[in-house]
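Listing of entry38.txt; format and content: compact mmCIF, C-alpha atoms.
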```txt
# COMPACT_ATOMS: atom_id res chain seq x y z
CA MET A 1 -24.09 11.89 33.15
CA ALA A 2 -26.57 9.79 31.31
CA ARG A 3 -28.43 6.83 32.70
CA GLY A 4 -26.63 3.71 33.65
CA ILE A 5 -23.17 5.22 33.50
CA ASN A 6 -20.75 4.95 36.29
CA LEU A 7 -17.94 7.45 36.19
CA ILE A 8 -18.05 8.01 39.93
CA THR A 9 -14.93 8.31 41.96
CA GLU A 10 -14.20 5.22 44.01
CA ASN A 11 -13.73 5.40 47.75
CA LEU A 12 -11.52 3.34 50.03
CA PRO A 13 -14.23 1.19 51.70
CA HIS A 14 -15.66 0.24 48.28
CA VAL A 15 -12.22 -0.58 46.84
CA LEU A 16 -11.28 -2.64 49.91
CA GLY A 17 -14.61 -4.48 49.97
CA VAL A 18 -14.72 -5.31 46.27
CA THR A 19 -11.02 -6.27 46.14
CA CYS A 20 -11.44 -8.68 49.07
CA ALA A 21 -14.59 -10.15 47.48
CA ALA A 22 -12.90 -10.54 44.09
CA LEU A 23 -9.83 -12.19 45.66
CA GLY A 24 -11.99 -14.53 47.74
CA LEU A 25 -13.89 -15.59 44.63
CA THR A 26 -10.61 -16.05 42.79
CA LEU A 27 -9.44 -18.41 45.52
CA VAL A 28 -12.73 -20.33 45.22
CA SER A 29 -12.23 -20.53 41.48
CA HIS A 30 -8.67 -21.92 41.93
CA PHE A 31 -9.98 -24.48 44.43
CA ALA A 32 -12.84 -25.61 42.17
CA ALA A 33 -10.44 -25.90 39.23
CA GLY A 34 -8.36 -28.34 41.28
CA VAL A 35 -5.29 -26.14 41.81
CA GLU A 36 -3.16 -27.74 44.53
CA ASN A 37 -0.85 -25.22 46.21
CA LEU A 38 -3.71 -23.05 47.50
CA LEU A 39 -1.61 -21.53 50.29
CA THR A 40 0.88 -20.08 47.81
CA VAL A 41 -2.03 -18.94 45.63
CA ALA A 42 -3.55 -17.19 48.66
CA ILE A 43 -0.26 -15.40 49.39
CA GLY A 44 0.01 -14.37 45.71
CA LEU A 45 -3.57 -13.12 45.67
CA SER A 46 -2.96 -11.11 48.86
CA LEU A 47 -0.02 -9.44 47.09
CA LEU A 48 -2.29 -8.57 44.16
CA GLY A 49 -4.76 -7.09 46.66
CA ILE A 50 -2.00 -4.89 48.11
CA PHE A 51 -1.02 -3.69 44.60
CA VAL A 52 -4.64 -2.86 43.77
CA VAL A 53 -5.25 -0.86 46.94
CA ALA A 54 -1.86 0.88 46.61
CA GLY A 55 -2.75 1.74 43.00
CA PHE A 56 -6.02 3.37 44.04
CA VAL A 57 -4.32 5.28 46.86
CA LEU A 58 -1.74 6.61 44.36
CA THR A 59 -4.57 7.58 41.99
CA TRP A 60 -6.19 9.64 44.75
CA ILE A 61 -3.06 11.31 46.09
CA THR A 62 -1.95 12.32 42.57
CA GLY A 63 -5.28 14.10 42.04
CA GLU A 64 -6.79 11.49 39.68
CA LYS A 65 -4.96 12.84 36.63
CA LEU A 66 -4.35 9.25 35.52
CA PRO A 67 -6.84 6.39 35.94
CA PRO A 68 -6.51 3.60 38.58
CA LEU A 69 -5.75 1.18 35.73
CA PHE A 70 -2.44 3.02 35.17
CA TRP A 71 -1.40 3.15 38.82
CA VAL A 72 -2.37 -0.44 39.62
CA SER A 73 -0.31 -1.53 36.61
CA MET A 74 2.66 0.60 37.66
CA VAL A 75 2.69 -0.69 41.25
CA ALA A 76 2.52 -4.32 40.08
CA LEU A 77 5.19 -3.68 37.44
CA ALA A 78 7.51 -2.13 40.04
CA ALA A 79 6.96 -4.95 42.56
CA GLY A 80 7.97 -7.60 40.02
CA PHE A 81 10.81 -5.70 38.38
CA PRO A 82 14.19 -7.45 38.48
CA GLY A 83 16.49 -5.73 40.99
CA VAL A 84 13.67 -4.35 43.13
CA PRO A 85 14.08 -5.85 46.64
CA GLY A 86 11.78 -8.83 47.08
CA SER A 87 10.79 -8.99 43.40
CA ALA A 88 12.02 -12.59 43.03
CA TRP A 89 9.86 -13.60 46.00
CA VAL A 90 6.86 -11.72 44.56
CA ILE A 91 7.23 -13.42 41.16
CA ASP A 92 7.62 -16.80 42.84
CA LYS A 93 4.29 -16.41 44.69
CA ILE A 94 2.49 -14.80 41.73
CA GLN A 95 3.46 -17.68 39.43
CA ALA A 96 1.18 -19.98 41.44
CA ILE A 97 -1.81 -17.92 40.25
CA SER A 98 -3.73 -19.04 37.17
CA PHE A 99 -4.83 -16.35 34.69
CA ILE A 100 -7.94 -18.30 33.78
CA ALA A 101 -9.01 -18.86 37.38
CA THR A 102 -8.50 -15.13 38.01
CA ILE A 103 -10.65 -13.89 35.13
CA THR A 104 -13.52 -16.33 35.88
CA PRO A 105 -15.08 -14.32 38.75
CA VAL A 106 -14.65 -11.08 36.74
CA LEU A 107 -17.12 -12.47 34.22
CA ALA A 108 -19.49 -13.36 37.06
CA PHE A 109 -19.41 -9.67 38.05
CA ALA A 110 -19.89 -8.62 34.40
CA ALA A 111 -22.91 -10.88 33.82
CA LEU A 112 -24.61 -10.11 37.12
CA GLY A 113 -23.88 -6.39 36.65
CA ILE A 114 -26.08 -6.00 33.56
CA ARG A 115 -28.85 -3.63 34.67
CA ALA A 116 -32.48 -3.29 33.62
CA ASP A 117 -31.53 0.01 31.91
CA ASP A 118 -28.79 -1.71 29.90
CA VAL A 119 -31.18 -4.41 28.74
CA SER A 120 -33.87 -1.94 27.66
CA SER A 121 -31.43 0.40 25.82
CA PHE A 122 -29.90 -2.63 24.14
CA ARG A 123 -33.34 -3.76 22.94
CA GLN A 124 -34.24 -0.22 21.85
CA ASN A 125 -31.06 0.22 19.81
CA GLY A 126 -31.70 -3.00 18.02
CA LEU A 127 -29.57 -5.40 16.09
CA LYS A 128 -27.94 -2.75 13.87
CA ILE A 129 -25.95 -1.22 16.67
CA ALA A 130 -24.93 -4.64 17.99
CA VAL A 131 -23.51 -5.46 14.55
CA VAL A 132 -21.72 -2.09 14.45
CA ALA A 133 -20.33 -2.79 17.94
CA ILE A 134 -19.00 -6.19 16.85
CA PHE A 135 -17.17 -4.48 13.97
CA VAL A 136 -15.86 -1.84 16.40
CA PHE A 137 -14.41 -4.51 18.71
CA LEU A 138 -13.12 -6.62 15.82
CA GLY A 139 -11.66 -3.54 14.10
CA THR A 140 -9.56 -2.45 17.04
CA PHE A 141 -8.29 -5.99 17.63
CA ILE A 142 -7.48 -6.84 14.00
CA GLY A 143 -6.11 -3.35 13.30
CA SER A 144 -3.64 -3.54 16.18
CA ALA A 145 -2.74 -7.18 15.45
CA LEU A 146 -1.98 -6.41 11.78
CA ILE A 147 0.30 -3.47 12.60
CA ALA A 148 2.05 -5.41 15.38
CA GLN A 149 2.51 -8.37 13.03
CA LEU A 150 4.03 -6.15 10.33
CA ALA A 151 6.31 -4.44 12.85
CA ILE A 152 7.50 -7.82 14.17
CA MET A 153 8.16 -9.07 10.64
CA VAL A 154 10.01 -5.89 9.57
CA SER A 155 12.16 -5.69 12.71
CA GLY A 156 12.76 -9.46 12.63
CA VAL A 157 12.58 -9.97 16.41
CA MET B 1 -28.32 -7.74 49.86
CA ARG B 2 -24.58 -8.20 50.07
CA ALA B 3 -25.04 -11.86 51.02
CA ARG B 4 -27.38 -12.44 48.07
CA LEU B 5 -24.91 -10.87 45.63
CA GLY B 6 -22.11 -12.90 47.21
CA LEU B 7 -24.09 -16.10 46.77
CA ALA B 8 -24.84 -15.32 43.10
CA LEU B 9 -21.17 -14.52 42.47
CA VAL B 10 -20.00 -17.74 44.15
CA LEU B 11 -22.51 -19.83 42.17
CA ALA B 12 -21.54 -18.28 38.83
CA THR B 13 -17.80 -18.61 39.60
CA LEU B 14 -18.20 -22.23 40.70
CA ALA B 15 -20.20 -23.08 37.59
CA GLY B 16 -17.40 -21.69 35.45
CA ALA B 17 -14.53 -23.31 37.34
CA LEU B 18 -16.22 -26.72 37.60
CA ILE B 19 -17.12 -26.91 33.90
CA GLY B 20 -13.52 -25.91 33.21
CA VAL B 21 -11.73 -25.54 29.87
CA GLN B 22 -13.56 -27.14 26.94
CA ARG B 23 -12.18 -27.51 23.46
CA ILE B 24 -14.53 -27.92 20.52
CA SER B 25 -12.99 -29.07 17.24
CA LEU B 26 -14.70 -28.30 13.97
CA ALA B 27 -12.66 -29.72 11.10
CA SER B 28 -9.20 -28.15 11.50
CA PHE B 29 -10.56 -25.39 13.72
CA THR B 30 -10.43 -25.60 17.50
CA ILE B 31 -12.45 -23.23 19.64
CA THR B 32 -11.25 -22.99 23.23
CA LEU B 33 -14.08 -22.28 25.65
CA LEU B 34 -12.76 -21.08 28.98
CA PRO B 35 -14.41 -21.22 32.42
CA LEU B 36 -15.02 -17.48 32.07
CA VAL B 37 -17.54 -18.16 29.28
CA PHE B 38 -19.47 -20.56 31.51
CA ALA B 39 -19.28 -18.19 34.47
CA PHE B 40 -20.72 -15.47 32.23
CA ILE B 41 -23.58 -17.69 31.06
CA ALA B 42 -24.32 -18.78 34.65
CA GLY B 43 -24.23 -15.12 35.71
CA LEU B 44 -26.75 -14.21 33.01
CA CYS B 45 -29.05 -17.01 34.21
CA LEU B 46 -28.86 -15.65 37.77
CA ASN B 47 -29.37 -12.02 36.69
CA PRO B 48 -32.94 -10.92 37.56
CA ASN B 49 -32.92 -8.35 34.72
CA ILE B 50 -32.45 -11.14 32.20
CA VAL B 51 -34.25 -14.09 33.80
CA SER B 52 -37.10 -12.41 35.67
CA PRO B 53 -38.37 -15.38 37.77
CA ILE B 54 -35.02 -15.41 39.60
CA GLU B 55 -35.94 -12.04 41.11
CA ARG B 56 -37.56 -13.90 44.00
CA VAL B 57 -34.12 -15.13 45.06
CA PHE B 58 -31.87 -12.39 43.68
CA PRO B 59 -33.47 -8.92 43.73
CA LYS B 60 -32.64 -6.45 40.97
CA ALA B 61 -30.57 -4.34 43.34
CA ILE B 62 -27.76 -6.92 43.19
CA SER B 63 -27.13 -5.92 39.57
CA ASP B 64 -26.47 -2.31 40.51
CA LYS B 65 -23.98 -3.45 43.12
CA ALA B 66 -22.25 -5.92 40.79
CA GLY B 67 -22.15 -3.38 37.96
CA SER B 68 -20.48 -0.69 40.02
CA ALA B 69 -18.06 -3.25 41.48
CA LEU B 70 -16.80 -4.50 38.10
CA ALA B 71 -14.31 -1.66 37.55
CA VAL B 72 -12.55 -2.59 40.82
CA ALA B 73 -13.09 -6.36 40.57
CA VAL B 74 -11.01 -6.54 37.38
CA MET B 75 -8.00 -4.78 38.96
CA PRO B 76 -6.39 -7.86 40.57
CA LEU B 77 -6.19 -9.36 37.07
CA ILE B 78 -4.60 -6.17 35.73
CA ALA B 79 -2.06 -6.34 38.57
CA LEU B 80 -1.40 -10.03 37.76
CA LEU B 81 -0.72 -9.26 34.07
CA SER B 82 1.48 -6.26 34.93
CA VAL B 83 3.70 -8.16 37.38
CA TYR B 84 5.04 -10.10 34.38
CA ILE B 85 6.30 -6.99 32.56
CA GLY B 86 9.45 -6.90 34.73
CA PRO B 87 10.65 -10.48 34.21
CA GLN B 88 9.85 -10.19 30.49
CA PHE B 89 11.28 -6.71 30.14
CA GLN B 90 13.90 -7.54 27.49
CA GLU B 91 11.25 -9.15 25.34
CA VAL B 92 8.90 -6.19 25.81
CA ALA B 93 11.66 -3.65 25.09
CA ALA B 94 12.69 -5.54 21.93
CA LEU B 95 9.11 -5.17 20.73
CA GLY B 96 9.01 -1.46 21.65
CA PRO B 97 8.50 -0.17 18.09
CA ALA B 98 5.71 -2.70 17.49
CA LEU B 99 4.10 -1.71 20.78
CA VAL B 100 4.08 1.96 19.86
CA LEU B 101 2.95 1.47 16.26
CA GLN B 102 0.11 -0.89 17.06
CA GLU B 103 -1.55 1.91 19.02
CA PHE B 104 -2.55 3.29 15.63
CA GLY B 105 -4.32 0.02 14.96
CA ASN B 106 -7.20 1.49 16.91
CA LEU B 107 -7.92 3.47 13.74
CA GLY B 108 -9.00 0.13 12.29
CA THR B 109 -12.07 0.44 14.47
CA MET B 110 -13.27 3.42 12.50
CA LEU B 111 -12.01 2.27 9.10
CA ILE B 112 -14.11 -0.87 9.04
CA ALA B 113 -17.01 0.00 11.33
CA MET B 114 -17.93 3.47 10.02
CA PRO B 115 -18.69 2.42 6.43
CA LEU B 116 -20.98 -0.24 7.84
CA ALA B 117 -22.72 2.27 10.08
CA VAL B 118 -23.07 5.00 7.45
CA LEU B 119 -23.51 3.13 4.17
CA VAL B 120 -25.33 -0.01 5.26
CA PHE B 121 -27.24 1.11 8.34
CA ARG B 122 -27.72 4.73 7.19
CA MET B 123 -26.67 6.23 10.51
CA GLY B 124 -26.09 9.96 10.86
CA ARG B 125 -23.51 11.60 13.11
CA GLU B 126 -24.25 8.86 15.65
CA ALA B 127 -21.75 6.89 13.54
CA ILE B 128 -18.90 9.16 14.69
CA GLY B 129 -19.55 8.46 18.36
CA ALA B 130 -20.21 4.79 17.74
CA THR B 131 -17.07 4.00 15.77
CA PHE B 132 -14.29 6.45 16.74
CA SER B 133 -13.12 4.24 19.60
CA ILE B 134 -13.91 1.09 21.47
CA GLY B 135 -16.47 3.16 23.38
CA ARG B 136 -15.60 2.51 27.01
CA GLU B 137 -15.56 5.02 29.87
CA GLY B 138 -12.74 7.14 28.42
CA GLY B 139 -14.36 7.53 25.02
CA LEU B 140 -17.72 8.21 26.60
CA ALA B 141 -16.38 10.99 28.83
CA PHE B 142 -14.55 12.50 25.86
CA ILE B 143 -17.58 12.56 23.52
CA PHE B 144 -19.88 13.87 26.26
CA GLY B 145 -17.38 16.65 26.95
CA LYS B 146 -16.84 17.61 23.31
CA TYR B 147 -20.30 17.26 21.77
CA GLY B 148 -22.57 17.36 24.84
CA GLY B 149 -24.74 14.71 26.44
CA GLY B 150 -27.75 15.22 24.17
CA SER B 151 -25.85 15.15 20.84
CA ALA B 152 -26.11 12.53 18.10
CA GLU B 153 -22.45 11.63 18.72
CA ALA B 154 -23.26 10.95 22.38
CA THR B 155 -26.18 8.71 21.41
CA GLY B 156 -23.81 6.72 19.21
CA VAL B 157 -21.11 6.25 21.83
CA MET B 158 -23.74 5.34 24.46
CA ALA B 159 -25.17 2.63 22.21
CA VAL B 160 -21.74 1.01 21.73
CA TYR B 161 -20.99 1.45 25.44
CA ILE B 162 -24.12 -0.55 26.28
CA CYS B 163 -23.15 -3.27 23.79
CA GLY B 164 -19.69 -3.37 25.38
CA THR B 165 -21.28 -3.78 28.81
CA ILE B 166 -23.49 -6.59 27.62
CA PHE B 167 -21.19 -8.62 25.35
CA GLY B 168 -17.80 -6.86 25.13
CA VAL B 169 -15.95 -9.08 27.57
CA ILE B 170 -17.44 -12.26 26.17
CA PHE B 171 -16.58 -11.11 22.65
CA PHE B 172 -12.96 -10.67 23.71
CA SER B 173 -12.80 -14.25 24.92
CA PHE B 174 -14.08 -15.70 21.63
CA ALA B 175 -12.35 -13.48 19.08
CA PRO B 176 -8.71 -14.13 20.12
CA SER B 177 -9.30 -17.87 20.21
CA LEU B 178 -10.86 -17.86 16.73
CA ILE B 179 -8.27 -15.53 15.22
CA ALA B 180 -5.38 -17.46 16.81
CA GLY B 181 -6.90 -20.56 15.18
CA LEU B 182 -6.27 -19.03 11.73
CA ASN B 183 -2.50 -19.32 12.42
CA LEU B 184 -1.87 -16.07 10.56
CA PHE B 185 -0.60 -14.04 13.50
CA ASP B 186 2.39 -14.23 15.79
CA PRO B 187 1.03 -14.82 19.34
CA ARG B 188 2.96 -11.70 20.41
CA ALA B 189 1.07 -9.58 17.87
CA LEU B 190 -2.24 -10.88 19.21
CA ALA B 191 -1.09 -10.26 22.78
CA MET B 192 -0.34 -6.63 21.95
CA ALA B 193 -3.71 -6.29 20.21
CA CYS B 194 -5.36 -7.37 23.48
CA GLY B 195 -4.37 -4.07 25.09
CA THR B 196 -7.50 -2.16 24.17
CA GLY B 197 -7.59 0.29 27.04
CA SER B 198 -10.52 -1.52 28.66
CA ALA B 199 -9.38 -3.51 31.69
CA SER B 200 -11.96 -6.29 31.45
CA MET B 201 -11.62 -6.72 27.67
CA THR B 202 -7.82 -6.83 27.96
CA GLY B 203 -8.10 -9.38 30.77
CA ALA B 204 -10.48 -11.65 28.89
CA CYS B 205 -8.47 -11.41 25.68
CA SER B 206 -5.06 -12.16 27.21
CA SER B 207 -6.36 -14.96 29.47
CA THR B 208 -7.89 -16.65 26.45
CA LEU B 209 -4.66 -16.29 24.46
CA SER B 210 -2.67 -17.72 27.36
CA ALA B 211 -4.91 -20.80 27.25
CA VAL B 212 -4.28 -21.17 23.51
CA TYR B 213 -0.49 -20.76 23.98
CA PRO B 214 0.07 -22.01 27.56
CA GLU B 215 3.87 -22.19 27.15
CA ARG B 216 3.98 -18.46 26.35
CA ALA B 217 1.48 -17.30 28.99
CA GLU B 218 3.88 -15.00 30.85
CA GLU B 219 5.10 -13.32 27.68
CA ILE B 220 1.48 -12.80 26.56
CA ALA B 221 0.58 -11.28 29.94
CA ALA B 222 3.55 -8.89 29.81
CA LEU B 223 2.82 -7.72 26.26
CA ALA B 224 -0.92 -7.29 26.81
CA ALA B 225 -0.31 -5.33 30.02
CA SER B 226 2.32 -3.13 28.33
CA SER B 227 0.05 -2.45 25.38
CA ASN B 228 -2.83 -1.66 27.70
CA LEU B 229 -0.66 0.78 29.65
CA MET B 230 0.42 2.39 26.39
CA THR B 231 -3.20 2.77 25.27
CA GLY B 232 -4.04 4.32 28.63
CA LEU B 233 -1.23 6.85 28.23
CA THR B 234 -1.45 7.70 24.52
CA GLY B 235 -5.12 6.96 23.84
CA LEU B 236 -6.41 10.43 24.61
CA PHE B 237 -3.76 12.19 22.50
CA ILE B 238 -4.36 9.89 19.54
CA THR B 239 -8.10 10.52 19.92
CA ILE B 240 -7.82 14.31 20.03
CA PHE B 241 -5.18 14.82 17.34
CA ILE B 242 -5.68 11.93 14.94
CA THR B 243 -8.79 9.82 15.39
CA LEU B 244 -11.45 12.47 15.80
CA PRO B 245 -10.31 14.83 12.99
CA LEU B 246 -10.03 11.77 10.76
CA ALA B 247 -13.46 10.53 11.87
CA GLU B 248 -15.05 13.87 10.88
CA ARG B 249 -13.50 13.76 7.38
CA TYR B 250 -14.23 10.08 6.89
CA PHE B 251 -17.82 10.68 7.92
CA ARG B 252 -18.22 13.53 5.39
CA PHE B 253 -16.66 11.35 2.68
CA LEU B 254 -18.94 8.42 3.44
CA SER B 255 -22.02 10.64 3.70
CA GLY B 256 -21.12 12.07 0.28
CA MET B 257 -21.01 8.57 -1.15
CA LYS B 258 -24.34 7.80 0.44
CA GLY B 259 -25.83 11.01 -0.99
CA SER B 260 -24.70 10.42 -4.58
CA ASP B 261 -25.72 6.81 -4.23
CA GLY B 262 -29.27 7.77 -3.37
CA ALA B 263 -29.53 10.43 -6.11
CA GLY B 264 -27.94 8.45 -8.92
CA HIS B 265 -29.79 5.17 -8.68
```

Rewrite the structure of this file - the entire thing - as structure tokens.
Amino acid sequence: MARGINLITENLPHVLGVTCAALGLTLVSHFAAGVENLLTVAIGLSLLGIFVVAGFVLTWITGEKLPPLFWVSMVALAAGFPGVPGSAWVIDKIQAISFIATITPVLAFAALGIRADDVSSFRQNGLKIAVVAIFVFLGTFIGSALIAQLAIMVSGV
Amino acid sequence: MRARLGLALVLATLAGALIGVQRISLASFTITLLPLVFAFIAGLCLNPNIVSPIERVFPKAISDKAGSALAVAVMPLIALLSVYIGPQFQEVAALGPALVLQEFGNLGTMLIAMPLAVLVFRMGREAIGATFSIGREGGLAFIFGKYGGGSAEATGVMAVYICGTIFGVIFFSFAPSLIAGLNLFDPRALAMACGTGSASMTGACSSTLSAVYPERAEEIAALAASSNLMTGLTGLFITIFITLPLAERYFRFLSGMKGSDGAGH
């Protein structure tokens, strides 16, 4: 693989370590944002941690045919699905968690994770490719939003 | 090393959370700036590859660690969004056709970005790699496998991948807020559009939308997570059978236009 790319397979110690760090930072971010019921938040975050680790384990035992993103989503979906034992309790705890406080540390990882290689390739490629990239991101977002909007209007839901 | 990275992460997170949600109104337009934007800016300021004097406190090695951790660090958020699919299942199922159809919206990427790349910036086959998809890990692996690591197509996808690494997530926290401000789209349509197949972009996009429409946050989470799952499952098939063949033809068409353009005038 080319420079700066990370398509490596994760391992359990790395997943456990990063998940714990991310959840700890998420708790800090709830605290700093003035969220009150921190104990419930902590229980909810621990549940998320279990779903994440379970998702990675499922990825590995199914031979990595589907990415961790899929399995983590499926585990969380199953745990909160109406009728699944304990799902009402899970939802109750999860509802204490703020989306915004949860994404905040992710952006800290993203900003600190920009490498020297990334910066130099970015400079080398110049402004043109940055403009193209903005159109790529905007295109996928607007394209999907337009079709979804039309489908909603046609089906009248 | 771990302690230094931890300190930098705590500082950036705290900066974001303490500054909090800010709303800037320009005429009838309101831009919502979320803590994640401030955490990102603080993170850039603490990144030794961007602000070199900080290297004395935070060595460059912390960036390698943070970069390889990102793919895992975003997973709790993905789990959080996905938990809401169950309670919102009727709503999600009712929007099933929209969810499936909007997957083809990813073709919009190529439709608007390739003419720019080919006609305005005069790119060669790099344009195919750069604009056929949102250019994250999946697209990268696919192009490397099909055209080879040294090909023009690979150079193109790499360039967009780097841009995505540097400003993709931050882009997906501004764009939904701005586009929601136009009041043209149903919040559910925007929520579905957030499911791009990239975990961190989907997370940033849907968190921002949930701040714009706080009363519909759970519905937005469920739709974005469903759409993201759908992209994960169908993305590769759409790429192989629709996007890439179309990209090749579109590229030839646009190159033809460029050619006659140059000869005629």

key: Ile134 of chain B environment, 8 Å, all atoms listed in the file, sequence neighbours closer than 3 positions dropped, as a ChimeraX atom specification   = /A:136-137,140 /B:109,131,139,160,196

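Close contacts of Met153 of chain A, defined as residues with an atom at most 10 Å away when counting only C-alpha atoms, with chain neighbours fewer than 5 positions off set aside, comprise Ile147 and Ala148 of chain A; Ala98 and Asp186 of chain B.
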
Please provide the set of residues having any atom within 7 Å of segment 115-128 of chain B, restricted to only C-alpha atoms, with same-chain residues fewer than 5 positions apart removed, written as a PDB file with C-alpha atoms, in the coordinates of the input.
```
ATOM      1  CA  LYS A 128     -27.940  -2.750  13.870  1.00  0.00           C
ATOM      2  CA  VAL A 132     -21.720  -2.090  14.450  1.00  0.00           C
TER       3      VAL A 132
ATOM      4  CA  ALA B 152     -26.110  12.530  18.100  1.00  0.00           C
ATOM      5  CA  GLU B 153     -22.450  11.630  18.720  1.00  0.00           C
ATOM      6  CA  THR B 155     -26.180   8.710  21.410  1.00  0.00           C
ATOM      7  CA  GLY B 156     -23.810   6.720  19.210  1.00  0.00           C
ATOM      8  CA  ALA B 247     -13.460  10.530  11.870  1.00  0.00           C
ATOM      9  CA  LEU B 254     -18.940   8.420   3.440  1.00  0.00           C
ATOM     10  CA  SER B 255     -22.020  10.640   3.700  1.00  0.00           C
ATOM     11  CA  LYS B 258     -24.340   7.800   0.440  1.00  0.00           C
TER      12      LYS B 258
END
```

task = Measure the distance from atom CA of Thr13 of chain B to atom CA of Asn47 of chain B in Å and round it to one decimal.
result = 13.6 Å

request  = Name all residues at most 9 Å from Ile94 of chain A (count all atoms listed in the file; drop same-chain ones fewer than 6 positions away) and give them as number ranges by chain.
outcome  = A: 40-41, 43-45, 47-48; B: 80, 83

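Distances here use only C-alpha atoms; by that measure, the residue among B:Tyr84, B:Phe132, B:Tyr161, B:Phe104 closest to Gly143 of chain A is B:Phe104.
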
message = Please list as an MDAnalysis selection string every residue within 12 Å of Val15 of chain A, counting all atoms listed in the file and excluding residues in the same chain fewer than 6 positions away.
response = (chainID A and resid 9 21:23 49:57 68) or (chainID B and resid 68:76)

task = Provide the atom CA of Asn11 of chain A to atom CA of Leu25 of chain A distance in Å, to one decimal place.
result = 21.2 Å

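Distance-wise, atom CA of Ala217 of chain B and atom CA of Thr104 of chain A end up 16.5 Å apart.
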
I'd like the box whose edges run along x, y and z of the file and which contains every listed atom of segment 123-137 of chain A, padded by 8 Å per side; could you state its centre and edge lengths in Å, one decimal, as lines of an AutoDock Vina configuration file?
```
center_x = -24.3
center_y = -3.0
center_z = 18.4
size_x = 35.8
size_y = 22.4
size_z = 25.1
```

key: Proximity to Leu44 of chain B - best of B:Cys163, B:Leu9, B:Ala113, B:Val100, only C-alpha atoms   = B:Leu9

message = From the options B:Ile41, B:Val169, B:Leu36, B:Met114, which residue's atoms come nearest to chain A, counting all atoms listed in the file?
response = B:Leu36

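Shortest atom-to-atom contact with Ser210 of chain B among B:Pro245, B:Ser198, B:Phe185, B:Ser173: B:Ser173, counting all atoms listed in the file.
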
request  = Counting only C-alpha atoms, figure out which residue out of B:Met201, B:Ala193, B:Val92, B:Ile240 gets nearest to chain A.
outcome  = B:Ala193

note = chain A proximity check over B:Ile31, B:Leu26, B:Ala42, B:Ala224, using all atoms listed in the file: winner is B:Ala42
